[in-house]
>>> print(open('final.cif').read())   # mmCIF, C-alpha atoms and all ligand atoms
data_protein
#
loop_
_atom_site.label_atom_id
_atom_site.label_comp_id
_atom_site.auth_asym_id
_atom_site.auth_seq_id
_atom_site.Cartn_x
_atom_site.Cartn_y
_atom_site.Cartn_z
CA PRO M 1 10.28 13.12 -9.19
CA THR M 2 12.45 10.91 -7.02
CA MET M 3 15.75 10.87 -8.84
CA THR M 4 18.08 10.08 -5.99
CA GLN M 5 20.75 12.72 -5.78
CA SER M 6 24.24 11.50 -6.33
CA GLY M 7 27.61 12.97 -5.60
CA PRO M 8 30.66 12.14 -7.69
CA GLY M 9 31.29 8.44 -7.50
CA THR M 10 27.88 7.65 -6.04
CA PRO M 11 26.04 5.33 -8.41
CA ILE M 12 22.69 6.55 -9.74
CA ASP M 13 19.85 4.26 -8.77
CA LEU M 14 17.71 3.55 -11.83
CA LEU M 15 15.02 1.69 -9.93
CA GLY M 16 12.11 4.05 -9.50
CA LEU M 17 12.93 6.29 -12.46
CA ASP M 18 10.18 6.81 -15.00
CA LEU M 19 10.68 6.87 -18.75
CA SER M 20 11.55 10.55 -19.00
CA GLU M 21 14.04 10.30 -16.14
CA LEU M 22 15.65 7.23 -17.73
CA THR M 23 15.79 9.11 -21.01
CA ARG M 24 17.83 11.84 -19.33
CA VAL M 25 20.21 9.25 -17.91
CA VAL M 26 20.67 7.58 -21.29
CA GLU M 27 21.20 10.91 -23.03
CA SER M 28 23.74 11.97 -20.42
CA LEU M 29 25.71 8.86 -21.39
CA GLY M 30 25.72 10.11 -24.99
CA GLU M 31 23.41 7.30 -26.11
CA GLN M 32 20.27 7.47 -28.19
CA SER M 33 17.12 8.03 -26.20
CA PHE M 34 15.25 4.93 -27.44
CA HIS M 35 17.46 2.84 -25.19
CA ALA M 36 15.60 4.33 -22.24
CA ARG M 37 12.48 2.47 -23.31
CA GLN M 38 14.42 -0.79 -23.50
CA ILE M 39 15.89 -0.27 -20.05
CA TYR M 40 12.47 0.67 -18.65
CA HIS M 41 11.04 -2.56 -20.02
CA TRP M 42 13.88 -4.62 -18.60
CA ILE M 43 13.54 -3.12 -15.12
CA TYR M 44 9.77 -3.10 -14.69
CA GLY M 45 8.39 -5.42 -17.37
CA ARG M 46 10.96 -8.21 -17.36
CA ARG M 47 12.16 -7.45 -13.85
CA VAL M 48 15.81 -8.28 -14.37
CA THR M 49 18.13 -7.49 -11.51
CA ALA M 50 21.40 -6.88 -13.36
CA PHE M 51 22.45 -4.77 -16.34
CA ALA M 52 24.20 -7.84 -17.81
CA GLN M 53 20.76 -9.40 -18.34
CA MET M 54 19.65 -6.53 -20.63
CA THR M 55 20.65 -8.48 -23.67
CA ASN M 56 19.36 -6.16 -26.38
CA LEU M 57 21.65 -3.35 -25.23
CA SER M 58 25.13 -3.05 -26.68
CA ARG M 59 27.92 -4.36 -24.54
CA ALA M 60 29.34 -0.84 -24.37
CA LEU M 61 26.10 0.58 -22.98
CA ARG M 62 25.72 -2.22 -20.47
CA GLU M 63 29.23 -1.57 -19.23
CA ARG M 64 28.60 2.15 -19.00
CA LEU M 65 25.45 1.43 -16.98
CA GLU M 66 27.33 -0.93 -14.71
CA GLY M 67 29.95 1.75 -14.20
CA GLY M 68 27.87 4.35 -12.44
CA HIS M 69 24.38 2.97 -11.86
CA THR M 70 22.55 0.48 -9.72
CA LEU M 71 19.20 -1.26 -9.63
CA GLY M 72 18.71 -0.66 -5.96
CA LEU M 73 16.75 -3.69 -4.90
CA PRO M 74 16.43 -3.79 -1.12
CA ARG M 75 18.18 -6.44 0.89
CA VAL M 76 15.78 -8.91 2.46
CA LEU M 77 16.79 -9.13 6.12
CA LYS M 78 14.19 -11.58 7.27
CA ILE M 79 11.15 -13.52 6.09
CA GLU M 80 8.66 -14.94 8.57
CA GLU M 81 5.98 -17.38 7.50
CA SER M 82 2.61 -17.74 9.17
CA SER M 83 0.79 -21.03 9.61
CA ASP M 84 -1.70 -19.70 7.02
CA GLY M 85 1.01 -19.12 4.39
CA THR M 86 1.22 -15.36 4.85
CA ARG M 87 4.81 -14.12 4.75
CA LYS M 88 6.19 -10.99 6.31
CA TYR M 89 9.28 -9.46 4.71
CA LEU M 90 11.70 -7.21 6.48
CA PHE M 91 13.56 -5.07 3.96
CA ALA M 92 16.58 -2.82 4.15
CA PRO M 93 15.82 -0.22 1.45
CA SER M 94 18.85 1.16 -0.39
CA SER M 95 18.84 4.55 1.33
CA GLY M 96 18.64 3.19 4.86
CA GLY M 97 16.26 2.07 7.56
CA GLN M 98 13.99 -0.94 7.57
CA VAL M 99 10.47 -1.56 6.38
CA GLU M 100 7.99 -4.43 6.26
CA SER M 101 5.75 -5.80 3.50
CA VAL M 102 3.35 -8.72 3.58
CA TYR M 103 2.63 -11.43 1.01
CA ILE M 104 -0.85 -12.92 1.37
CA PRO M 105 -1.63 -15.97 -0.77
CA GLU M 106 -5.28 -16.71 -1.44
CA GLU M 107 -7.03 -19.38 -3.43
CA ARG M 108 -7.64 -17.32 -6.54
CA ARG M 109 -5.37 -14.35 -6.10
CA VAL M 110 -2.38 -13.05 -4.25
CA THR M 111 -2.25 -9.82 -2.28
CA PHE M 112 0.84 -7.74 -1.54
CA CYS M 113 0.54 -5.32 1.31
CA ILE M 114 3.29 -2.76 0.79
CA SER M 115 4.52 0.27 2.68
CA PRO M 116 4.91 3.84 1.46
CA GLN M 117 6.77 5.09 4.56
CA ILE M 118 8.98 3.89 7.38
CA GLY M 119 6.87 4.43 10.48
CA CYS M 120 3.89 6.74 10.35
CA ALA M 121 3.19 10.33 11.31
CA LEU M 122 -0.45 9.72 12.19
CA ASP M 123 -1.25 8.65 15.67
CA CYS M 124 -4.14 6.21 15.33
CA HIS M 125 -4.41 4.78 18.81
CA PHE M 126 -5.19 1.19 17.81
CA CYS M 127 -2.21 0.77 15.44
CA VAL M 128 1.29 -0.36 16.45
CA THR M 129 2.98 1.30 13.47
CA ALA M 130 1.94 4.61 15.03
CA ARG M 131 4.16 3.79 18.01
CA LEU M 132 7.23 3.99 15.79
CA GLY M 133 6.46 7.56 14.86
CA PHE M 134 7.46 8.89 11.48
CA VAL M 135 10.91 7.81 10.34
CA ARG M 136 11.03 8.72 6.65
CA ASN M 137 9.32 8.64 3.28
CA LEU M 138 10.28 5.88 0.89
CA THR M 139 11.27 6.81 -2.66
CA SER M 140 9.20 5.55 -5.58
CA GLY M 141 11.95 3.02 -6.27
CA GLU M 142 11.84 1.76 -2.70
CA ILE M 143 8.07 1.34 -2.94
CA VAL M 144 8.15 -0.42 -6.33
CA SER M 145 11.04 -2.66 -5.30
CA GLN M 146 8.93 -4.18 -2.50
CA VAL M 147 6.58 -5.37 -5.24
CA LEU M 148 9.39 -6.56 -7.51
CA THR M 149 10.94 -8.59 -4.71
CA LEU M 150 7.64 -10.12 -3.63
CA LEU M 151 6.88 -11.02 -7.25
CA SER M 152 10.18 -12.74 -7.88
CA ASP M 153 10.28 -14.45 -4.50
CA ASN M 154 6.79 -15.95 -4.98
CA GLU M 155 6.91 -16.67 -8.67
CA SER M 156 5.16 -20.02 -8.58
CA ARG M 157 2.04 -18.52 -7.05
CA THR M 158 2.05 -15.16 -8.78
CA ALA M 159 2.55 -16.62 -12.25
CA ASP M 160 -0.98 -17.94 -12.61
CA ARG M 161 -2.96 -15.76 -10.21
CA PRO M 162 -3.76 -12.08 -10.36
CA VAL M 163 -1.78 -9.90 -7.99
CA ASN M 164 -3.49 -7.24 -5.89
CA ILE M 165 -1.49 -4.47 -4.34
CA VAL M 166 -2.69 -2.66 -1.28
CA MET M 167 -0.78 0.32 0.03
CA MET M 168 -1.78 -0.60 3.56
CA GLY M 169 1.49 -1.48 5.20
CA MET M 170 3.40 1.03 7.27
CA GLY M 171 2.58 4.67 6.84
CA GLU M 172 0.28 6.80 4.74
CA ALA M 173 0.57 6.86 0.96
CA LEU M 174 -1.10 10.26 0.79
CA HIS M 175 1.49 11.68 3.20
CA ASN M 176 4.14 10.68 0.67
CA TYR M 177 2.02 11.66 -2.27
CA ASP M 178 4.54 12.25 -5.06
CA ASN M 179 6.55 9.11 -4.45
CA ALA M 180 3.50 6.90 -3.87
CA VAL M 181 1.82 8.13 -7.04
CA ALA M 182 5.05 7.80 -9.05
CA ALA M 183 5.28 4.19 -7.78
CA PHE M 184 1.64 3.61 -8.68
CA ARG M 185 2.29 4.79 -12.26
CA LEU M 186 5.21 2.40 -12.69
CA LEU M 187 3.15 -0.46 -11.27
CA ALA M 188 0.02 0.25 -13.31
CA ASP M 189 1.77 1.03 -16.60
CA PRO M 190 1.14 -1.84 -19.05
CA HIS M 191 4.70 -1.28 -20.32
CA GLY M 192 5.95 -1.20 -16.74
CA VAL M 193 5.10 -3.76 -14.05
CA GLY M 194 1.68 -4.07 -15.67
CA ILE M 195 -0.63 -4.59 -12.73
CA PRO M 196 -4.11 -3.34 -13.70
CA ARG M 197 -5.08 -0.14 -11.87
CA ARG M 198 -8.22 -1.73 -10.49
CA ARG M 199 -5.98 -4.18 -8.60
CA ILE M 200 -4.04 -1.43 -6.84
CA THR M 201 -5.52 0.24 -3.76
CA PHE M 202 -4.36 3.22 -1.73
CA SER M 203 -5.64 3.20 1.82
CA THR M 204 -5.81 6.41 3.83
CA ALA M 205 -6.69 7.39 7.35
CA GLY M 206 -8.52 10.31 5.79
CA LEU M 207 -6.26 13.01 4.35
CA ALA M 208 -9.03 14.83 2.49
CA PRO M 209 -6.77 17.14 0.42
CA GLY M 210 -4.75 14.13 -0.74
CA ILE M 211 -7.94 12.36 -1.79
CA LEU M 212 -8.97 15.38 -3.88
CA ARG M 213 -5.54 15.55 -5.46
CA LEU M 214 -5.65 11.85 -6.31
CA ALA M 215 -9.13 12.34 -7.73
CA ALA M 216 -7.65 14.70 -10.32
CA GLU M 217 -5.02 12.22 -11.57
CA PRO M 218 -5.65 10.85 -15.06
CA VAL M 219 -5.08 7.29 -13.82
CA ARG M 220 -5.93 6.54 -10.23
CA PRO M 221 -5.69 3.59 -7.86
CA ARG M 222 -8.74 2.34 -6.03
CA LEU M 223 -9.45 4.15 -2.82
CA ALA M 224 -9.90 2.72 0.66
CA ILE M 225 -10.68 4.84 3.69
CA SER M 226 -10.00 3.75 7.24
CA LEU M 227 -13.27 5.00 8.66
CA ASN M 228 -13.30 3.17 11.99
CA ALA M 229 -16.08 5.19 13.62
CA THR M 230 -19.47 6.61 12.73
CA ASP M 231 -19.42 9.87 14.68
CA ASP M 232 -16.81 12.61 14.97
CA LYS M 233 -16.39 12.33 18.70
CA THR M 234 -15.42 8.66 18.61
CA ARG M 235 -13.37 9.05 15.45
CA SER M 236 -11.35 11.97 16.79
CA ARG M 237 -10.64 10.02 19.93
CA LEU M 238 -9.28 7.08 17.92
CA MET M 239 -7.70 8.96 15.03
CA PRO M 240 -6.49 12.50 15.80
CA ILE M 241 -6.40 13.29 12.06
CA ASN M 242 -10.20 13.48 12.28
CA ARG M 243 -9.90 16.80 14.13
CA LYS M 244 -8.34 18.26 11.02
CA TYR M 245 -10.58 16.51 8.50
CA PRO M 246 -13.83 15.53 10.20
CA LEU M 247 -16.30 13.04 8.73
CA ASP M 248 -18.24 15.52 6.58
CA THR M 249 -15.05 16.91 5.00
CA LEU M 250 -13.65 13.43 4.48
CA LEU M 251 -16.81 11.97 2.98
CA GLU M 252 -17.32 14.97 0.68
CA ALA M 253 -13.81 14.37 -0.67
CA CYS M 254 -14.74 10.70 -1.17
CA ARG M 255 -17.86 11.68 -3.12
CA LYS M 256 -15.67 13.57 -5.58
CA TYR M 257 -13.45 10.55 -6.23
CA PRO M 258 -14.24 9.30 -9.76
CA LEU M 259 -15.20 5.64 -9.90
CA ALA M 260 -15.20 3.25 -12.83
CA PRO M 261 -18.43 1.36 -13.54
CA ARG M 262 -19.15 -1.02 -10.65
CA GLU M 263 -16.18 0.32 -8.69
CA ARG M 264 -16.79 1.23 -5.07
CA ILE M 265 -14.85 3.03 -2.38
CA THR M 266 -13.91 0.67 0.43
CA PHE M 267 -14.52 1.76 3.99
CA GLU M 268 -12.30 -0.18 6.32
CA TYR M 269 -13.71 -0.42 9.80
CA VAL M 270 -11.56 -1.80 12.60
CA LEU M 271 -13.94 -3.20 15.18
CA LEU M 272 -12.90 -2.34 18.73
CA ARG M 273 -14.91 -3.95 21.49
CA GLY M 274 -17.12 -1.53 23.32
CA ILE M 275 -15.82 1.47 21.35
CA ASN M 276 -17.23 1.43 17.83
CA ASP M 277 -19.13 -1.85 17.65
CA GLY M 278 -22.35 -0.65 19.26
CA ALA M 279 -25.89 -1.45 18.20
CA ALA M 280 -26.36 1.99 16.61
CA ASP M 281 -23.13 1.96 14.59
CA PRO M 282 -24.25 -0.02 11.51
CA ARG M 283 -27.25 2.31 11.10
CA ARG M 284 -25.13 5.43 11.49
CA LEU M 285 -22.62 4.03 9.02
CA ALA M 286 -25.33 3.31 6.46
CA SER M 287 -26.78 6.77 6.85
CA LEU M 288 -23.36 8.41 6.35
CA VAL M 289 -22.98 6.44 3.13
CA ASN M 290 -26.44 7.46 1.96
CA ARG M 291 -26.24 11.08 3.05
CA HIS M 292 -23.02 11.58 1.07
CA GLN M 293 -24.32 9.52 -1.85
CA LEU M 294 -21.32 7.24 -1.83
CA ARG M 295 -20.90 4.07 -3.83
CA ALA M 296 -19.20 2.19 -1.04
CA LYS M 297 -18.58 -1.18 0.51
CA VAL M 298 -17.52 -1.85 4.05
CA ASN M 299 -14.68 -4.13 5.06
CA LEU M 300 -14.89 -5.02 8.73
CA ILE M 301 -11.56 -5.76 10.43
CA PRO M 302 -11.70 -7.36 13.87
CA PHE M 303 -9.04 -5.64 15.99
CA ASN M 304 -5.61 -7.28 15.90
CA ALA M 305 -3.77 -7.01 19.17
CA GLY M 306 -0.41 -5.29 19.46
CA SER M 307 1.95 -4.57 22.27
CA GLU M 308 0.99 -1.54 24.36
CA ILE M 309 -2.29 -1.22 22.49
CA ASP M 310 -5.14 -1.07 24.92
CA PHE M 311 -8.16 -2.28 22.96
CA SER M 312 -9.83 -5.63 22.58
CA GLU M 313 -11.35 -7.66 19.85
CA PRO M 314 -15.15 -7.90 19.61
CA ALA M 315 -16.87 -11.26 19.91
CA PRO M 316 -17.17 -13.04 16.53
CA GLU M 317 -20.93 -12.89 16.99
CA THR M 318 -20.81 -9.06 17.20
CA VAL M 319 -18.76 -8.93 14.00
CA ARG M 320 -21.23 -11.10 12.11
CA LYS M 321 -24.18 -9.11 13.41
CA PHE M 322 -22.53 -5.86 12.39
CA ARG M 323 -22.03 -7.20 8.87
CA ASP M 324 -25.55 -8.63 8.60
CA GLU M 325 -27.08 -5.38 9.70
CA LEU M 326 -25.13 -3.42 7.09
CA LEU M 327 -26.24 -5.90 4.43
CA MET M 328 -29.83 -5.51 5.57
CA LEU M 329 -29.47 -1.76 5.23
CA GLY M 330 -28.25 -2.23 1.66
CA VAL M 331 -24.56 -1.57 2.26
CA PRO M 332 -22.25 -4.27 0.84
CA ALA M 333 -20.10 -5.53 3.69
CA SER M 334 -17.58 -8.25 4.35
CA ILE M 335 -15.32 -9.39 7.16
CA ARG M 336 -11.58 -9.31 6.56
CA ALA M 337 -9.80 -12.51 7.50
CA ASN M 338 -6.96 -11.72 9.87
CA ARG M 339 -4.12 -13.28 7.95
CA GLY M 340 -0.68 -13.67 9.45
CA ARG M 341 -1.63 -12.82 13.02
CA ASP M 342 0.76 -15.39 14.49
CA ILE M 343 3.73 -13.53 12.96
CA SER M 344 2.32 -10.05 13.67
CA ALA M 345 1.70 -9.46 9.98
CA ALA M 346 -2.00 -8.63 10.19
CA CYS M 347 -3.51 -5.15 9.82
CA GLY M 348 -2.07 -2.69 12.28
CA GLN M 349 0.68 -5.02 13.46
CA LEU M 350 3.64 -3.90 11.36
CA ALA M 351 6.18 -2.51 13.77
CA LEU M 352 9.63 -3.77 12.79
CA GLN M 353 9.52 -6.16 15.71
CA GLY M 354 12.25 -8.28 14.20
CA ALA M 355 14.48 -5.27 13.67
CA ALA M 356 15.76 -4.61 17.17
CA GLU M 357 16.54 -8.24 17.71
CA LEU M 358 18.40 -8.36 14.37
CA GLU M 359 20.57 -5.44 15.30
CA ALA M 360 21.38 -7.12 18.57
CA THR M 361 22.67 -10.22 16.80
CA PRO M 362 24.58 -9.10 13.72
N1 LIG M 401 -2.41 4.62 6.84
C1 LIG M 401 -3.25 3.86 6.00
C2 LIG M 401 -2.78 2.43 5.74
C3 LIG M 401 -2.20 1.68 6.91
S1 LIG M 401 -3.32 0.97 8.07
C4 LIG M 401 -4.65 3.82 6.56
O1 LIG M 401 -4.84 4.32 7.66
O2 LIG M 401 -5.55 3.39 5.89
C5 LIG M 401 -4.14 -0.31 7.20
C6 LIG M 401 -5.45 -0.72 7.85
O3 LIG M 401 -5.23 -1.39 9.09
C7 LIG M 401 -6.33 0.48 8.18
O4 LIG M 401 -7.63 0.25 7.73
C8 LIG M 401 -6.29 0.53 9.70
O5 LIG M 401 -7.47 1.10 10.21
C9 LIG M 401 -6.14 -0.93 10.02
N2 LIG M 401 -5.61 -1.17 11.37
C10 LIG M 401 -4.72 -0.42 12.05
N3 LIG M 401 -4.46 -0.96 13.25
C11 LIG M 401 -5.22 -2.08 13.35
C12 LIG M 401 -5.37 -3.09 14.34
N4 LIG M 401 -4.70 -3.05 15.48
N5 LIG M 401 -6.23 -4.11 14.09
C13 LIG M 401 -6.89 -4.17 12.92
N6 LIG M 401 -6.77 -3.26 11.94
C14 LIG M 401 -5.94 -2.23 12.15
#
>>> encode(input="final.cif", output="structure tokens", more="lines below")
Ligand code: SAH
Amino acid sequence: PTMTQSGPGTPIDLLGLDLSELTRVVESLGEQSFHARQIYHWIYGRRVTAFAQMTNLSRALRERLEGGHTLGLPRVLKIEESSDGTRKYLFAPSSGGQVESVYIPEERRVTFCISPQIGCALDCHFCVTARLGFVRNLTSGEIVSQVLTLLSDNESRTADRPVNIVMMGMGEALHNYDNAVAAFRLLADPHGVGIPRRRITFSTAGLAPGILRLAAEPVRPRLAISLNATDDKTRSRLMPINRKYPLDTLLEACRKYPLAPRERITFEYVLLRGINDGAADPRRLASLVNRHQLRAKVNLIPFNAGSEIDFSEPAPETVRKFRDELLMLGVPASIRANRGRDISAACGQLALQGAAELEATP
């Protein structure tokens, strides 16, 4: 789906191609199609970064690949490390622009927060990425390569801990549906990158048609919804997309999302002081979950500040009470630790802040 178009002399980027697309490339070189499977395994399974490393290919084929093809790994422009070990990567994807991803080490696992778009078209008022506006969609290769780079750059930690991938960086995966799903397939394929599907999550601000489309895929990621309010009036004020897909429409789409045994939909809920953290909110949230018969859990995210964002964080006591009340009402709930806040790598803080300054000092 995302074969990058190439003029004469422009190398073809193989990163991001699926098996059938690689097969076409191999056949166009006059080679037998089984080599496509070998190349696929080298790129995604073994994660080599040069054709010379594909040692089971003939020298002639390797040279032909080197002639007109690339493995377009993004340049890493900058890595910032938080006092809690979280690292924010600034990438220059092969077809231009800049994008951020976040590596979050935990005791028993590692989480990669990756981006499906540069900027974002939605205008959620509490999020700094929204201030960038929409710049462009990333290709499947540009999405997968964020994962490949984070894996190879953090090998000592990722070797013996499971890796979780959350499509929660910049942008909306469901606004870049084809490329995000193509990337998901390469990541989840046991012959590809091989990250189990249950460890890959797509987060959405609530594009109901996209949720229904994803529900019909034979293999699906886990689903997270940025709910952030318990009534339409508040939600529309915070997230204009709610005017198009209000709570009932959104939650009906969620109910149709097939879940594996014990799997739940995650409702992310950014707590904004005085806006959506009221005494009635946990009850309204629980009744939404019950009314739509959802198997859900709630992940509470205390607001992370950003420049020109005019909200404030609730008191820690309010956050705990909100969680306890949900638990009492029978809704599983947890509080998300705000990792990487000191380097603006926490939820809602990705805004290419390093980028301007980098351009100023080449
Ligand atoms: N567009 C997708 C993914 C990106 S946002 C989505 O909306 O789900 C990832 C998460 O960060 C969302 O749950 C969003 O509600 C949350 N978020 C955005 N801005 C935030 C902020 N300033 N503080 C805390 N969480 C924020």
>>> atom_distance(input="final.cif", atom1="CA of Leu17 in chain M", atom2="CA of Ile114 in chain M")
18.7 Å
>>> closest_atom_pairs(input="final.cif", of="chain M", to="ligand LIG 401 (chain M)", cutoff="7 Å", atoms="all atoms listed in the file", output="CSV")
residue,atom,partner,partner_atom,distance
M:Phe126,CA,M:LIG401,N4,4.9
M:Cys127,CA,M:LIG401,N3,3.6
M:Val128,CA,M:LIG401,N3,6.6
M:Met167,CA,M:LIG401,C2,6.4
M:Met168,CA,M:LIG401,C2,3.9
M:Gly169,CA,M:LIG401,C3,5.2
M:Met170,CA,M:LIG401,C3,5.6
M:Gly171,CA,M:LIG401,N1,5.0
M:Glu172,CA,M:LIG401,N1,4.0
M:Ala173,CA,M:LIG401,N1,7.0
M:Ser203,CA,M:LIG401,O2,4.1
M:Thr204,CA,M:LIG401,O2,3.7
M:Ala205,CA,M:LIG401,O1,3.6
M:Ala224,CA,M:LIG401,O2,6.8
M:Ile225,CA,M:LIG401,O2,5.8
M:Ser226,CA,M:LIG401,O4,4.3
M:Asn228,CA,M:LIG401,O5,6.4
M:Glu268,CA,M:LIG401,O4,4.9
M:Tyr269,CA,M:LIG401,O5,6.4
M:Val270,CA,M:LIG401,N6,5.1
M:Ile301,CA,M:LIG401,C13,5.5
M:Pro302,CA,M:LIG401,C13,5.8
M:Phe303,CA,M:LIG401,N5,3.7
M:Asn304,CA,M:LIG401,N5,3.7
M:Ala305,CA,M:LIG401,N4,5.5
M:Gly306,CA,M:LIG401,N4,6.3
M:Cys347,CA,M:LIG401,O3,4.2
M:Gly348,CA,M:LIG401,N3,3.1
M:Gln349,CA,M:LIG401,N4,6.1
>>> atom_distance(input="final.cif", atom1="CA of Phe184 in chain M", atom2="CA of Tyr40 in chain M")
15.0 Å
>>> residues_around(input="final.cif", residues="Ser28 in chain M", least_positions_apart="6", cutoff="12 Å", atoms="all atoms listed in the file", output="ChimeraX atom specification")
/M:21-22,36,61,64-65,68
>>> write_last_selection(input="final.cif", atoms="C-alpha atoms", output="mmCIF file, in the frame of the given file")
data_model
loop_
_atom_site.group_PDB
_atom_site.id
_atom_site.type_symbol
_atom_site.label_atom_id
_atom_site.label_comp_id
_atom_site.auth_asym_id
_atom_site.auth_seq_id
_atom_site.Cartn_x
_atom_site.Cartn_y
_atom_site.Cartn_z
ATOM 1 C CA GLU M 21 14.040 10.300 -16.140
ATOM 2 C CA LEU M 22 15.650 7.230 -17.730
ATOM 3 C CA ALA M 36 15.600 4.330 -22.240
ATOM 4 C CA LEU M 61 26.100 0.580 -22.980
ATOM 5 C CA ARG M 64 28.600 2.150 -19.000
ATOM 6 C CA LEU M 65 25.450 1.430 -16.980
ATOM 7 C CA GLY M 68 27.870 4.350 -12.440
#
>>> residues_around(input="final.cif", residues="Gln98 in chain M", least_positions_apart="2", cutoff="10 Å", atoms="all atoms listed in the file", output="PyMOL selection string")
chain M and resi 74-77+90-96+100+117-119+135+352+355
